[in-house]
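What follows is the content of model.pdb (PDB, C-alpha atoms).
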```
ATOM      1  CA  MET A   1     102.402  51.025  19.283
ATOM      2  CA  SER A   2      99.475  52.742  17.572
ATOM      3  CA  CYS A   3      98.076  51.834  14.187
ATOM      4  CA  TYR A   4      95.220  53.311  12.212
ATOM      5  CA  ILE A   5      91.867  52.146  10.876
ATOM      6  CA  ILE A   6      91.552  54.091   7.632
ATOM      7  CA  GLY A   7      88.502  52.398   6.127
ATOM      8  CA  ALA A   8      85.392  50.502   7.172
ATOM      9  CA  GLY A   9      82.839  48.563   5.179
ATOM     10  CA  ALA A  10      79.887  46.263   5.629
ATOM     11  CA  ALA A  11      77.569  44.033   3.651
ATOM     12  CA  VAL A  12      74.222  42.583   4.687
ATOM     13  CA  PRO A  13      71.891  40.363   2.642
ATOM     14  CA  GLU A  14      68.819  41.883   1.025
ATOM     15  CA  ARG A  15      66.380  39.424   2.562
ATOM     16  CA  VAL A  16      64.758  40.818   5.730
ATOM     17  CA  VAL A  17      63.385  38.252   8.183
ATOM     18  CA  ALA A  18      61.006  39.903  10.638
ATOM     19  CA  ASN A  19      60.005  38.351  13.941
ATOM     20  CA  ALA A  20      56.551  37.618  12.534
ATOM     21  CA  GLU A  21      58.096  35.235   9.986
ATOM     22  CA  LEU A  22      60.415  33.510  12.447
ATOM     23  CA  ALA A  23      58.161  33.227  15.500
ATOM     24  CA  PRO A  24      55.834  30.422  14.247
ATOM     25  CA  LEU A  25      58.832  28.204  13.465
ATOM     26  CA  LEU A  26      60.188  28.660  16.993
ATOM     27  CA  GLY A  27      56.832  28.280  18.727
ATOM     28  CA  VAL A  28      56.887  31.794  20.200
ATOM     29  CA  THR A  29      55.354  35.172  19.371
ATOM     30  CA  ALA A  30      56.942  38.085  17.530
ATOM     31  CA  ASP A  31      56.403  40.309  20.583
ATOM     32  CA  TRP A  32      58.165  37.787  22.818
ATOM     33  CA  ILE A  33      61.249  37.796  20.583
ATOM     34  CA  GLU A  34      61.459  41.589  20.647
ATOM     35  CA  SER A  35      60.807  41.925  24.378
ATOM     36  CA  THR A  36      63.340  39.193  25.194
ATOM     37  CA  SER A  37      66.118  40.207  22.807
ATOM     38  CA  GLY A  38      65.441  43.703  21.488
ATOM     39  CA  ILE A  39      65.485  42.274  17.951
ATOM     40  CA  ARG A  40      62.750  43.194  15.471
ATOM     41  CA  GLU A  41      64.301  41.764  12.307
ATOM     42  CA  ARG A  42      67.490  40.333  10.881
ATOM     43  CA  ARG A  43      69.004  39.665   7.422
ATOM     44  CA  TRP A  44      69.472  36.182   5.985
ATOM     45  CA  VAL A  45      71.405  35.050   2.929
ATOM     46  CA  THR A  46      69.841  33.292  -0.036
ATOM     47  CA  ALA A  47      70.618  29.663  -0.828
ATOM     48  CA  GLU A  48      73.225  30.801  -3.363
ATOM     49  CA  GLN A  49      75.115  33.196  -1.037
ATOM     50  CA  SER A  50      78.057  32.157   1.108
ATOM     51  CA  THR A  51      79.977  33.723   3.960
ATOM     52  CA  SER A  52      82.892  34.583   1.685
ATOM     53  CA  ASP A  53      80.539  36.419  -0.708
ATOM     54  CA  LEU A  54      79.479  38.759   2.097
ATOM     55  CA  ALA A  55      83.076  39.155   3.243
ATOM     56  CA  VAL A  56      84.323  40.161  -0.214
ATOM     57  CA  ALA A  57      81.616  42.830  -0.504
ATOM     58  CA  ALA A  58      82.506  44.237   2.930
ATOM     59  CA  VAL A  59      86.249  44.331   2.164
ATOM     60  CA  GLN A  60      85.584  46.032  -1.158
ATOM     61  CA  GLU A  61      83.574  48.769   0.562
ATOM     62  CA  ALA A  62      86.265  49.224   3.207
ATOM     63  CA  LEU A  63      88.883  49.606   0.469
ATOM     64  CA  ARG A  64      86.741  52.227  -1.294
ATOM     65  CA  HIS A  65      86.272  54.100   1.949
ATOM     66  CA  ALA A  66      90.010  54.010   2.593
ATOM     67  CA  GLY A  67      90.888  55.003  -0.959
ATOM     68  CA  VAL A  68      93.168  51.964  -1.195
ATOM     69  CA  SER A  69      93.291  49.372  -3.969
ATOM     70  CA  ALA A  70      93.200  45.635  -3.297
ATOM     71  CA  GLU A  71      96.753  45.394  -4.658
ATOM     72  CA  LYS A  72      97.958  47.268  -1.550
ATOM     73  CA  ILE A  73      96.730  44.598   0.875
ATOM     74  CA  ASP A  74      99.669  42.777   2.490
ATOM     75  CA  TYR A  75      97.685  40.467   4.786
ATOM     76  CA  LEU A  76      94.101  39.222   5.115
ATOM     77  CA  ILE A  77      92.690  38.290   8.522
ATOM     78  CA  GLY A  78      89.267  36.642   8.454
ATOM     79  CA  CYS A  79      86.930  35.674  11.280
ATOM     80  CA  THR A  80      83.779  33.570  11.091
ATOM     81  CA  LEU A  81      81.683  31.046  12.998
ATOM     82  CA  SER A  82      79.987  29.910   9.791
ATOM     83  CA  PRO A  83      82.631  29.185   7.134
ATOM     84  CA  ASP A  84      81.964  28.226   3.531
ATOM     85  CA  TYR A  85      83.661  24.883   4.205
ATOM     86  CA  GLN A  86      85.392  23.092   7.062
ATOM     87  CA  VAL A  87      88.575  23.291   4.950
ATOM     88  CA  PRO A  88      89.938  25.610   3.605
ATOM     89  CA  GLY A  89      89.429  28.674   5.746
ATOM     90  CA  VAL A  90      87.348  31.638   4.650
ATOM     91  CA  ALA A  91      90.278  34.078   4.329
ATOM     92  CA  PRO A  92      91.919  32.287   1.357
ATOM     93  CA  LEU A  93      88.531  32.154  -0.368
ATOM     94  CA  VAL A  94      88.156  35.907   0.057
ATOM     95  CA  GLN A  95      91.688  36.425  -1.272
ATOM     96  CA  ARG A  96      90.749  34.366  -4.347
ATOM     97  CA  LYS A  97      87.498  36.256  -4.987
ATOM     98  CA  LEU A  98      88.812  39.764  -4.261
ATOM     99  CA  ALA A  99      89.719  41.270  -7.630
ATOM    100  CA  GLY A 100      93.252  42.651  -7.684
ATOM    101  CA  CYS A 101      94.357  41.045  -4.444
ATOM    102  CA  ARG A 102      97.829  39.519  -4.633
ATOM    103  CA  PRO A 103      98.599  36.008  -3.226
ATOM    104  CA  VAL A 104      99.147  37.496   0.228
ATOM    105  CA  PRO A 105      99.067  35.584   3.545
ATOM    106  CA  SER A 106      95.455  34.890   4.505
ATOM    107  CA  VAL A 107      94.539  33.502   7.906
ATOM    108  CA  ASP A 108      91.380  32.613   9.833
ATOM    109  CA  LEU A 109      90.863  33.395  13.516
ATOM    110  CA  ARG A 110      88.287  31.330  15.414
ATOM    111  CA  VAL A 111      87.575  33.613  18.353
ATOM    112  CA  GLY A 112      83.810  33.875  18.273
ATOM    113  CA  CYS A 113      82.224  37.280  18.618
ATOM    114  CA  ALA A 114      85.463  38.893  19.857
ATOM    115  CA  ALA A 115      86.689  38.737  16.247
ATOM    116  CA  ILE A 116      87.250  42.454  15.737
ATOM    117  CA  LEU A 117      89.550  42.685  18.758
ATOM    118  CA  TYR A 118      91.705  39.660  18.032
ATOM    119  CA  SER A 119      92.089  40.660  14.388
ATOM    120  CA  LEU A 120      93.054  44.217  15.369
ATOM    121  CA  GLN A 121      95.673  42.921  17.805
ATOM    122  CA  LEU A 122      97.160  40.637  15.157
ATOM    123  CA  ALA A 123      97.153  43.468  12.619
ATOM    124  CA  ARG A 124      98.967  45.731  15.103
ATOM    125  CA  GLY A 125     101.587  43.056  15.684
ATOM    126  CA  LEU A 126     102.134  42.476  11.963
ATOM    127  CA  ILE A 127     102.528  46.196  11.340
ATOM    128  CA  ALA A 128     104.859  46.689  14.313
ATOM    129  CA  SER A 129     107.088  43.796  13.234
ATOM    130  CA  GLY A 130     107.293  44.952   9.634
ATOM    131  CA  GLY A 131     105.375  41.908   8.421
ATOM    132  CA  ALA A 132     102.741  44.082   6.757
ATOM    133  CA  ARG A 133     101.931  47.701   6.057
ATOM    134  CA  THR A 134      98.271  47.367   5.073
ATOM    135  CA  VAL A 135      96.044  44.692   6.634
ATOM    136  CA  ALA A 136      92.435  43.894   5.766
ATOM    137  CA  CYS A 137      90.460  42.471   8.711
ATOM    138  CA  PHE A 138      86.951  41.120   8.338
ATOM    139  CA  GLY A 139      84.240  39.285  10.221
ATOM    140  CA  ALA A 140      81.530  37.541   8.239
ATOM    141  CA  GLU A 141      78.644  35.211   9.004
ATOM    142  CA  ALA A 142      75.954  33.262   7.154
ATOM    143  CA  GLN A 143      74.584  31.772  10.369
ATOM    144  CA  SER A 144      71.038  31.338   9.081
ATOM    145  CA  LYS A 145      72.093  28.205   7.196
ATOM    146  CA  GLY A 146      72.972  26.443  10.452
ATOM    147  CA  LEU A 147      70.061  27.351  12.714
ATOM    148  CA  ASP A 148      67.780  24.871  14.444
ATOM    149  CA  LEU A 149      64.457  26.476  13.563
ATOM    150  CA  SER A 150      62.390  24.559  16.103
ATOM    151  CA  PRO A 151      60.864  25.351  19.505
ATOM    152  CA  ARG A 152      63.625  23.476  21.362
ATOM    153  CA  SER A 153      66.116  26.184  20.359
ATOM    154  CA  ALA A 154      63.967  29.302  20.313
ATOM    155  CA  GLU A 155      65.908  31.232  22.951
ATOM    156  CA  LEU A 156      69.155  30.930  21.001
ATOM    157  CA  ASN A 157      68.151  30.841  17.357
ATOM    158  CA  MET A 158      65.844  33.858  17.463
ATOM    159  CA  LEU A 159      68.996  35.959  17.797
ATOM    160  CA  PHE A 160      71.031  35.397  14.683
ATOM    161  CA  GLY A 161      71.385  37.315  11.472
ATOM    162  CA  ASP A 162      73.840  37.282   8.587
ATOM    163  CA  GLY A 163      76.286  39.970   7.530
ATOM    164  CA  ALA A 164      79.892  41.021   7.195
ATOM    165  CA  GLY A 165      82.085  43.930   8.179
ATOM    166  CA  ALA A 166      85.651  44.860   7.335
ATOM    167  CA  LEU A 167      88.422  47.269   8.314
ATOM    168  CA  ILE A 168      91.556  48.467   6.556
ATOM    169  CA  VAL A 169      94.389  48.880   9.065
ATOM    170  CA  ARG A 170      97.715  50.639   8.418
ATOM    171  CA  GLY A 171     100.772  51.673  10.357
ATOM    172  CA  ASP A 172     100.396  55.321   9.395
ATOM    173  CA  ALA A 173      97.519  57.747   9.149
ATOM    174  CA  HIS A 174      95.445  58.262   6.031
ATOM    175  CA  PRO A 175      97.428  60.075   3.321
ATOM    176  CA  ASP A 176      94.484  62.458   2.829
ATOM    177  CA  SER A 177      94.651  64.873   5.754
ATOM    178  CA  ASP A 178      90.922  65.622   5.414
ATOM    179  CA  GLN A 179      90.045  61.964   5.948
ATOM    180  CA  PHE A 180      89.437  61.006   9.571
ATOM    181  CA  CYS A 181      91.381  58.003  10.866
ATOM    182  CA  LEU A 182      90.683  55.911  13.921
ATOM    183  CA  ARG A 183      93.945  55.491  15.805
ATOM    184  CA  VAL A 184      94.109  52.196  17.723
ATOM    185  CA  ASP A 185      96.032  53.013  20.895
ATOM    186  CA  ASP A 186      95.543  49.835  22.929
ATOM    187  CA  VAL A 187      93.984  46.377  22.747
ATOM    188  CA  LEU A 188      93.301  44.144  25.745
ATOM    189  CA  LEU A 189      92.370  40.486  25.228
ATOM    190  CA  ALA A 190      91.459  37.548  27.458
ATOM    191  CA  SER A 191      89.945  34.079  27.336
ATOM    192  CA  ASP A 192      88.787  31.398  29.753
ATOM    193  CA  GLY A 193      88.354  27.937  28.268
ATOM    194  CA  SER A 194      86.742  26.552  31.415
ATOM    195  CA  PHE A 195      83.448  27.907  30.033
ATOM    196  CA  ALA A 196      83.921  26.493  26.526
ATOM    197  CA  GLN A 197      80.842  24.270  26.683
ATOM    198  CA  ASP A 198      78.500  27.084  27.705
ATOM    199  CA  LEU A 199      78.375  28.316  24.105
ATOM    200  CA  ILE A 200      79.227  25.584  21.627
ATOM    201  CA  VAL A 201      78.580  23.802  18.330
ATOM    202  CA  ARG A 202      79.747  20.232  18.932
ATOM    203  CA  ALA A 203      79.656  18.653  15.482
ATOM    204  CA  PRO A 204      81.524  18.090  13.291
ATOM    205  CA  GLY A 205      84.325  17.537  15.778
ATOM    206  CA  THR A 206      86.962  15.043  16.882
ATOM    207  CA  ALA A 207      85.666  14.984  20.467
ATOM    208  CA  ASN A 208      82.491  13.195  19.363
ATOM    209  CA  GLY A 209      83.675   9.583  19.451
ATOM    210  CA  ALA A 210      84.863   7.425  16.590
ATOM    211  CA  ARG A 211      83.639   9.772  13.846
ATOM    212  CA  TRP A 212      83.598  13.533  13.815
ATOM    213  CA  ILE A 213      79.984  13.398  12.698
ATOM    214  CA  SER A 214      77.511  10.502  12.523
ATOM    215  CA  PRO A 215      73.811   9.981  11.833
ATOM    216  CA  GLU A 216      73.213   9.621  15.571
ATOM    217  CA  GLN A 217      74.820  12.978  16.238
ATOM    218  CA  LEU A 218      72.751  14.627  13.530
ATOM    219  CA  ILE A 219      69.552  13.160  14.974
ATOM    220  CA  GLY A 220      70.618  14.491  18.372
ATOM    221  CA  GLY A 221      71.160  17.974  16.948
ATOM    222  CA  LEU A 222      74.875  18.247  17.752
ATOM    223  CA  GLN A 223      75.394  20.214  14.568
ATOM    224  CA  PHE A 224      73.336  23.058  16.043
ATOM    225  CA  GLY A 225      74.550  25.575  18.585
ATOM    226  CA  SER A 226      73.703  25.315  22.270
ATOM    227  CA  MET A 227      74.020  27.948  24.960
ATOM    228  CA  ASN A 228      73.772  28.318  28.702
ATOM    229  CA  GLY A 229      72.129  31.684  28.212
ATOM    230  CA  ARG A 230      72.075  32.877  31.816
ATOM    231  CA  ASN A 231      75.729  32.077  32.396
ATOM    232  CA  VAL A 232      76.795  33.652  29.104
ATOM    233  CA  ILE A 233      75.106  36.986  29.724
ATOM    234  CA  LEU A 234      76.256  37.172  33.356
ATOM    235  CA  HIS A 235      79.873  36.592  32.387
ATOM    236  CA  ALA A 236      79.616  38.839  29.327
ATOM    237  CA  VAL A 237      78.400  41.864  31.272
ATOM    238  CA  ARG A 238      80.889  41.315  34.099
ATOM    239  CA  LYS A 239      83.925  40.696  31.900
ATOM    240  CA  LEU A 240      83.175  43.519  29.490
ATOM    241  CA  ALA A 241      82.721  45.997  32.322
ATOM    242  CA  GLU A 242      85.939  44.873  34.023
ATOM    243  CA  THR A 243      87.863  45.053  30.763
ATOM    244  CA  ALA A 244      86.482  48.515  29.974
ATOM    245  CA  VAL A 245      87.676  49.780  33.352
ATOM    246  CA  GLU A 246      91.084  48.118  33.005
ATOM    247  CA  ILE A 247      91.886  49.434  29.535
ATOM    248  CA  THR A 248      90.779  52.990  30.318
ATOM    249  CA  GLU A 249      92.658  53.105  33.615
ATOM    250  CA  ARG A 250      95.898  51.833  32.114
ATOM    251  CA  ASN A 251      95.629  54.602  29.529
ATOM    252  CA  GLY A 252      94.975  57.298  32.120
ATOM    253  CA  LEU A 253      91.306  57.781  31.259
ATOM    254  CA  GLY A 254      88.012  57.547  33.081
ATOM    255  CA  LEU A 255      84.896  55.974  31.629
ATOM    256  CA  ASP A 256      83.304  59.411  31.596
ATOM    257  CA  GLU A 257      85.892  60.411  28.978
ATOM    258  CA  ILE A 258      84.693  57.741  26.532
ATOM    259  CA  ASP A 259      82.569  59.393  23.850
ATOM    260  CA  LEU A 260      81.377  56.295  22.036
ATOM    261  CA  VAL A 261      81.171  52.579  22.831
ATOM    262  CA  ILE A 262      81.068  50.066  19.978
ATOM    263  CA  PRO A 263      80.024  46.678  21.388
ATOM    264  CA  HIS A 264      79.328  43.260  19.965
ATOM    265  CA  GLN A 265      75.593  43.225  19.287
ATOM    266  CA  ALA A 266      74.686  40.130  21.306
ATOM    267  CA  ASN A 267      71.159  41.220  22.195
ATOM    268  CA  GLY A 268      69.379  44.280  23.501
ATOM    269  CA  ASN A 269      69.374  43.093  27.106
ATOM    270  CA  LEU A 270      73.157  42.778  27.187
ATOM    271  CA  LEU A 271      73.579  46.273  25.756
ATOM    272  CA  SER A 272      71.211  47.696  28.384
ATOM    273  CA  ALA A 273      73.004  45.839  31.181
ATOM    274  CA  LEU A 274      76.375  47.068  29.937
ATOM    275  CA  SER A 275      75.063  50.633  29.832
ATOM    276  CA  ARG A 276      73.988  50.381  33.466
ATOM    277  CA  LYS A 277      77.189  48.652  34.591
ATOM    278  CA  LEU A 278      79.401  51.324  33.025
ATOM    279  CA  SER A 279      77.042  54.204  33.953
ATOM    280  CA  LEU A 280      76.960  55.259  30.308
ATOM    281  CA  SER A 281      73.839  56.495  28.548
ATOM    282  CA  ARG A 282      72.497  54.327  25.739
ATOM    283  CA  GLU A 283      73.043  57.281  23.385
ATOM    284  CA  ARG A 284      76.791  56.722  23.736
ATOM    285  CA  ILE A 285      76.499  53.047  22.764
ATOM    286  CA  ILE A 286      76.189  52.108  19.101
ATOM    287  CA  SER A 287      73.315  49.668  18.584
ATOM    288  CA  ASN A 288      71.931  47.955  15.504
ATOM    289  CA  VAL A 289      70.735  44.708  17.071
ATOM    290  CA  GLY A 290      67.106  45.652  16.474
ATOM    291  CA  ARG A 291      67.667  45.751  12.689
ATOM    292  CA  TYR A 292      70.350  43.123  12.121
ATOM    293  CA  GLY A 293      70.159  40.780  15.101
ATOM    294  CA  ASN A 294      73.289  39.115  16.439
ATOM    295  CA  THR A 295      75.646  38.823  13.462
ATOM    296  CA  GLY A 296      78.292  36.931  15.445
ATOM    297  CA  GLY A 297      81.874  37.709  14.524
ATOM    298  CA  ALA A 298      80.688  40.403  12.105
ATOM    299  CA  SER A 299      78.634  42.455  14.545
ATOM    300  CA  ALA A 300      81.210  44.840  16.033
ATOM    301  CA  PHE A 301      82.706  45.370  12.551
ATOM    302  CA  ILE A 302      79.247  46.349  11.291
ATOM    303  CA  ALA A 303      78.682  48.599  14.317
ATOM    304  CA  LEU A 304      81.949  50.434  13.623
ATOM    305  CA  TRP A 305      80.947  50.887   9.980
ATOM    306  CA  GLN A 306      77.597  52.219  11.217
ATOM    307  CA  ALA A 307      79.378  54.786  13.394
ATOM    308  CA  TYR A 308      81.232  56.020  10.301
ATOM    309  CA  ARG A 309      78.046  56.175   8.240
ATOM    310  CA  GLU A 310      76.165  58.069  10.957
ATOM    311  CA  GLU A 311      79.030  60.573  11.289
ATOM    312  CA  ARG A 312      79.488  59.698  14.941
ATOM    313  CA  LEU A 313      83.279  59.620  14.564
ATOM    314  CA  ARG A 314      84.372  63.239  14.691
ATOM    315  CA  ALA A 315      87.888  64.532  15.284
ATOM    316  CA  GLY A 316      88.928  63.875  18.873
ATOM    317  CA  THR A 317      86.209  61.290  19.578
ATOM    318  CA  THR A 318      87.403  58.634  22.012
ATOM    319  CA  VAL A 319      86.043  55.200  21.119
ATOM    320  CA  LEU A 320      85.888  52.007  23.171
ATOM    321  CA  ILE A 321      85.272  48.726  21.314
ATOM    322  CA  VAL A 322      84.183  45.798  23.499
ATOM    323  CA  ALA A 323      83.219  42.239  22.592
ATOM    324  CA  PHE A 324      82.560  38.872  24.216
ATOM    325  CA  GLY A 325      82.106  35.496  22.581
ATOM    326  CA  ALA A 326      82.441  31.739  22.658
ATOM    327  CA  GLY A 327      85.516  30.325  24.269
ATOM    328  CA  PHE A 328      84.904  32.393  26.405
ATOM    329  CA  THR A 329      86.882  35.117  24.629
ATOM    330  CA  TRP A 330      86.586  38.831  25.308
ATOM    331  CA  GLY A 331      88.414  42.128  25.310
ATOM    332  CA  ALA A 332      88.457  45.813  24.497
ATOM    333  CA  ALA A 333      90.199  48.282  22.220
ATOM    334  CA  LEU A 334      90.762  51.962  22.928
ATOM    335  CA  CYS A 335      90.797  54.244  19.879
ATOM    336  CA  ARG A 336      90.686  57.937  19.030
ATOM    337  CA  VAL A 337      89.585  59.715  15.870
ATOM    338  CA  THR A 338      92.510  61.738  14.571
ATOM    339  CA  THR A 339      93.741  63.574  11.491
ATOM    340  CA  ASP A 340      97.417  62.769  12.256
TER
END
```
Rewrite the coordinates I just gave you, this time as structure tokens.
Amino acid sequence: MSCYIIGAGAAVPERVVANAELAPLLGVTADWIESTSGIRERRWVTAEQSTSDLAVAAVQEALRHAGVSAEKIDYLIGCTLSPDYQVPGVAPLVQRKLAGCRPVPSVDLRVGCAAILYSLQLARGLIASGGARTVACFGAEAQSKGLDLSPRSAELNMLFGDGAGALIVRGDAHPDSDQFCLRVDDVLLASDGSFAQDLIVRAPGTANGARWISPEQLIGGLQFGSMNGRNVILHAVRKLAETAVEITERNGLGLDEIDLVIPHQANGNLLSALSRKLSLSRERIISNVGRYGNTGGASAFIALWQAYREERLRAGTTVLIVAFGAGFTWGAALCRVTTD
């Protein structure tokens, strides 16, 4: 069953953190960060900003773009790797802060950087079952507050920025026939938990011994992320390419018929490798990693919003969304711009 994305929004903090500011903390040079990751700068929140603050701003913009009021939302689906609190989830906090939003079901998905795909699949299921007519999906991150800004973690922590993106999803096309809609025709998801420890934040957690966090664990840095970088990028490129082929073939399309690819913005090297693997020019792949860095579960949401803002989504455009994240989790969505 198809459903429609009728609005997109994003929010990024005002503070710009260039490589020149970050490099001395990580014991590297600004040029090394850019050459290794393709990132020139990223946005970080202030001490007073939280993940839910960014998420609310992104949802509000998506609602404005869709021409829909918050009262029309039937379900909120939120995704983050950097929540306001361990409990409750970020989605209920957004529901509370979003003016006009009714006490609708609000749920968090912990699926890493594949957030946009898992939330779209859940939204499709809710709409198909009659559980909702209008669903707000968002990914939001304030990762800067949890980074290990030391040389031991340079390769990982040079990547991350803060931001949020949101989509408004409905079972029918936009009521304004002049407003383009992005019809979601298919979503393909997968995960493989055997690689769970290749990209992980261990603490707090109940697998850490007698306490879910202890002074010893903090001293050891378990509260910071760790990554087997080589394994992650090898699997990411391979799985995303395989998934792109599978979803296009099962919908009777070739990769040469894809007009625009919207990927998770992991780093510039992954985007280049994906371009080569799929034999697609970089011009057909949306990229903002140089400006925003890796914004985790928000990144593909922000990239989709960027495609709207840059007027890359014209009637008839075929769009492939691909993402890969911790878990490992990954997948693809096949969409088409329509005025149905």
Quiz item: Which residue out of A:Ile321, A:Val56, A:Gly290, A:Ala196 has the minimum interatomic distance to Asn19 (chain A) when all atoms listed in the file are used?
Solution: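 Nearest candidate to Asn19 (chain A) out of A:Ile321, A:Val56, A:Gly290, A:Ala196: A:Gly290.
Here the question is which of A:Ile262, A:Leu63, A:Leu122, A:Cys79 gets nearest to Ala99 (chain A) using all atoms listed in the file, and that residue is A:Leu63.
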Self-check item: Å distance separating CA of Asp53 (chain A) from CA of Val94 (chain A), one decimal place
Solution: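 Going from CA of Asp53 (chain A) over to CA of Val94 (chain A) covers 7.7 Å.
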Chain and number of each residue from the PyMOL selection byres ((chain A and resi 155) around 9), as an mmCIF file with C-alpha atoms, keeping the file's coordinate frame:
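Once written, out_6.cif looks like this:
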```cif
data_model
loop_
_atom_site.group_PDB
_atom_site.id
_atom_site.type_symbol
_atom_site.label_atom_id
_atom_site.label_comp_id
_atom_site.auth_asym_id
_atom_site.auth_seq_id
_atom_site.Cartn_x
_atom_site.Cartn_y
_atom_site.Cartn_z
ATOM 1 C CA LEU A 26 60.188 28.660 16.993
ATOM 2 C CA ILE A 33 61.249 37.796 20.583
ATOM 3 C CA THR A 36 63.340 39.193 25.194
ATOM 4 C CA SER A 37 66.118 40.207 22.807
ATOM 5 C CA PRO A 151 60.864 25.351 19.505
ATOM 6 C CA ARG A 152 63.625 23.476 21.362
ATOM 7 C CA SER A 153 66.116 26.184 20.359
ATOM 8 C CA ALA A 154 63.967 29.302 20.313
ATOM 9 C CA LEU A 156 69.155 30.930 21.001
ATOM 10 C CA ASN A 157 68.151 30.841 17.357
ATOM 11 C CA MET A 158 65.844 33.858 17.463
ATOM 12 C CA LEU A 159 68.996 35.959 17.797
ATOM 13 C CA MET A 227 74.020 27.948 24.960
ATOM 14 C CA GLY A 229 72.129 31.684 28.212
#
```
Exercise. May I ask which of the residues A:Lys72, A:Arg282, A:Arg96, A:Arg250 is the closest one to Val187 (chain A), counting only C-alpha atoms?
Key: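 Checking each candidate against Val187 (chain A), we get A:Arg250 as the closest.
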Quiz item: Between A:Pro103, A:Gly67, A:Gly112, A:Gly125, which one has atoms that come closest to Ile200 (chain A), using only C-alpha atoms?
Solution: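 Looking only at the distances to Ile200 (chain A), the closest residue turns out to be A:Gly112.
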Practice problem: Might you pull out every residue within 12 Å of Thr80 (chain A), with only C-alpha atoms counted and same-chain residues fewer than 3 positions away left off, and present them as a count of residues only? | Solution: 43
With all atoms listed in the file as the counted atoms, please give the residues lying no more than 8 Å from region 330-335 of chain A, apart from itself and same-chain residues fewer than 6 positions off, as a PDB file with C-alpha atoms, keeping the file's coordinate frame.
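Final file, out_16.pdb:
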```pdb
ATOM      1  CA  ALA A 114      85.463  38.893  19.857  1.00  0.00           C
ATOM      2  CA  LEU A 117      89.550  42.685  18.758  1.00  0.00           C
ATOM      3  CA  LEU A 182      90.683  55.911  13.921  1.00  0.00           C
ATOM      4  CA  ARG A 183      93.945  55.491  15.805  1.00  0.00           C
ATOM      5  CA  VAL A 184      94.109  52.196  17.723  1.00  0.00           C
ATOM      6  CA  ASP A 185      96.032  53.013  20.895  1.00  0.00           C
ATOM      7  CA  ASP A 186      95.543  49.835  22.929  1.00  0.00           C
ATOM      8  CA  VAL A 187      93.984  46.377  22.747  1.00  0.00           C
ATOM      9  CA  LEU A 188      93.301  44.144  25.745  1.00  0.00           C
ATOM     10  CA  LEU A 189      92.370  40.486  25.228  1.00  0.00           C
ATOM     11  CA  ALA A 190      91.459  37.548  27.458  1.00  0.00           C
ATOM     12  CA  SER A 191      89.945  34.079  27.336  1.00  0.00           C
ATOM     13  CA  LYS A 239      83.925  40.696  31.900  1.00  0.00           C
ATOM     14  CA  LEU A 240      83.175  43.519  29.490  1.00  0.00           C
ATOM     15  CA  THR A 243      87.863  45.053  30.763  1.00  0.00           C
ATOM     16  CA  ALA A 244      86.482  48.515  29.974  1.00  0.00           C
ATOM     17  CA  ILE A 247      91.886  49.434  29.535  1.00  0.00           C
ATOM     18  CA  THR A 248      90.779  52.990  30.318  1.00  0.00           C
ATOM     19  CA  THR A 318      87.403  58.634  22.012  1.00  0.00           C
ATOM     20  CA  VAL A 319      86.043  55.200  21.119  1.00  0.00           C
ATOM     21  CA  LEU A 320      85.888  52.007  23.171  1.00  0.00           C
ATOM     22  CA  ILE A 321      85.272  48.726  21.314  1.00  0.00           C
ATOM     23  CA  VAL A 322      84.183  45.798  23.499  1.00  0.00           C
ATOM     24  CA  ALA A 323      83.219  42.239  22.592  1.00  0.00           C
ATOM     25  CA  PHE A 324      82.560  38.872  24.216  1.00  0.00           C
TER      26      PHE A 324
END
```
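You will find CA of Asp172 (chain A) at 15.7 Å from CA of Gln121 (chain A).
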Practice problem: I would like the residues chosen by the PyMOL selection byres ((chain A and resi 124) around 8) on the shown file; could you give them as a PyMOL selection string? | Solution: chain A and resi 1-3+120-123+125-128+171
Exercise. Give the answer as one residue: which of A:Ala173, A:Ile302, A:Ala273, A:Leu255 has the shortest atom-to-atom distance to Ser287 (chain A), using only C-alpha atoms?
Key: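 Closest residue, counting only C-alpha atoms: A:Ile302.
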Practice problem: Name the residues in contact with Arg276 (chain A) at a cut-off of 12 Å, using only C-alpha atoms, excluding same-chain residues fewer than 4 positions from it; report them as a ChimeraX atom specification. | Solution: /A:237-238,241,269-272,280-282,284-285
Write the residues you've just listed into a file as a PDB file, in the frame of the given file, and include C-alpha atoms for each of them.
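What landed in selection38.pdb:
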```
ATOM      1  CA  VAL A 237      78.400  41.864  31.272  1.00  0.00           C
ATOM      2  CA  ARG A 238      80.889  41.315  34.099  1.00  0.00           C
ATOM      3  CA  ALA A 241      82.721  45.997  32.322  1.00  0.00           C
ATOM      4  CA  ASN A 269      69.374  43.093  27.106  1.00  0.00           C
ATOM      5  CA  LEU A 270      73.157  42.778  27.187  1.00  0.00           C
ATOM      6  CA  LEU A 271      73.579  46.273  25.756  1.00  0.00           C
ATOM      7  CA  SER A 272      71.211  47.696  28.384  1.00  0.00           C
ATOM      8  CA  LEU A 280      76.960  55.259  30.308  1.00  0.00           C
ATOM      9  CA  SER A 281      73.839  56.495  28.548  1.00  0.00           C
ATOM     10  CA  ARG A 282      72.497  54.327  25.739  1.00  0.00           C
ATOM     11  CA  ARG A 284      76.791  56.722  23.736  1.00  0.00           C
ATOM     12  CA  ILE A 285      76.499  53.047  22.764  1.00  0.00           C
TER      13      ILE A 285
END
```
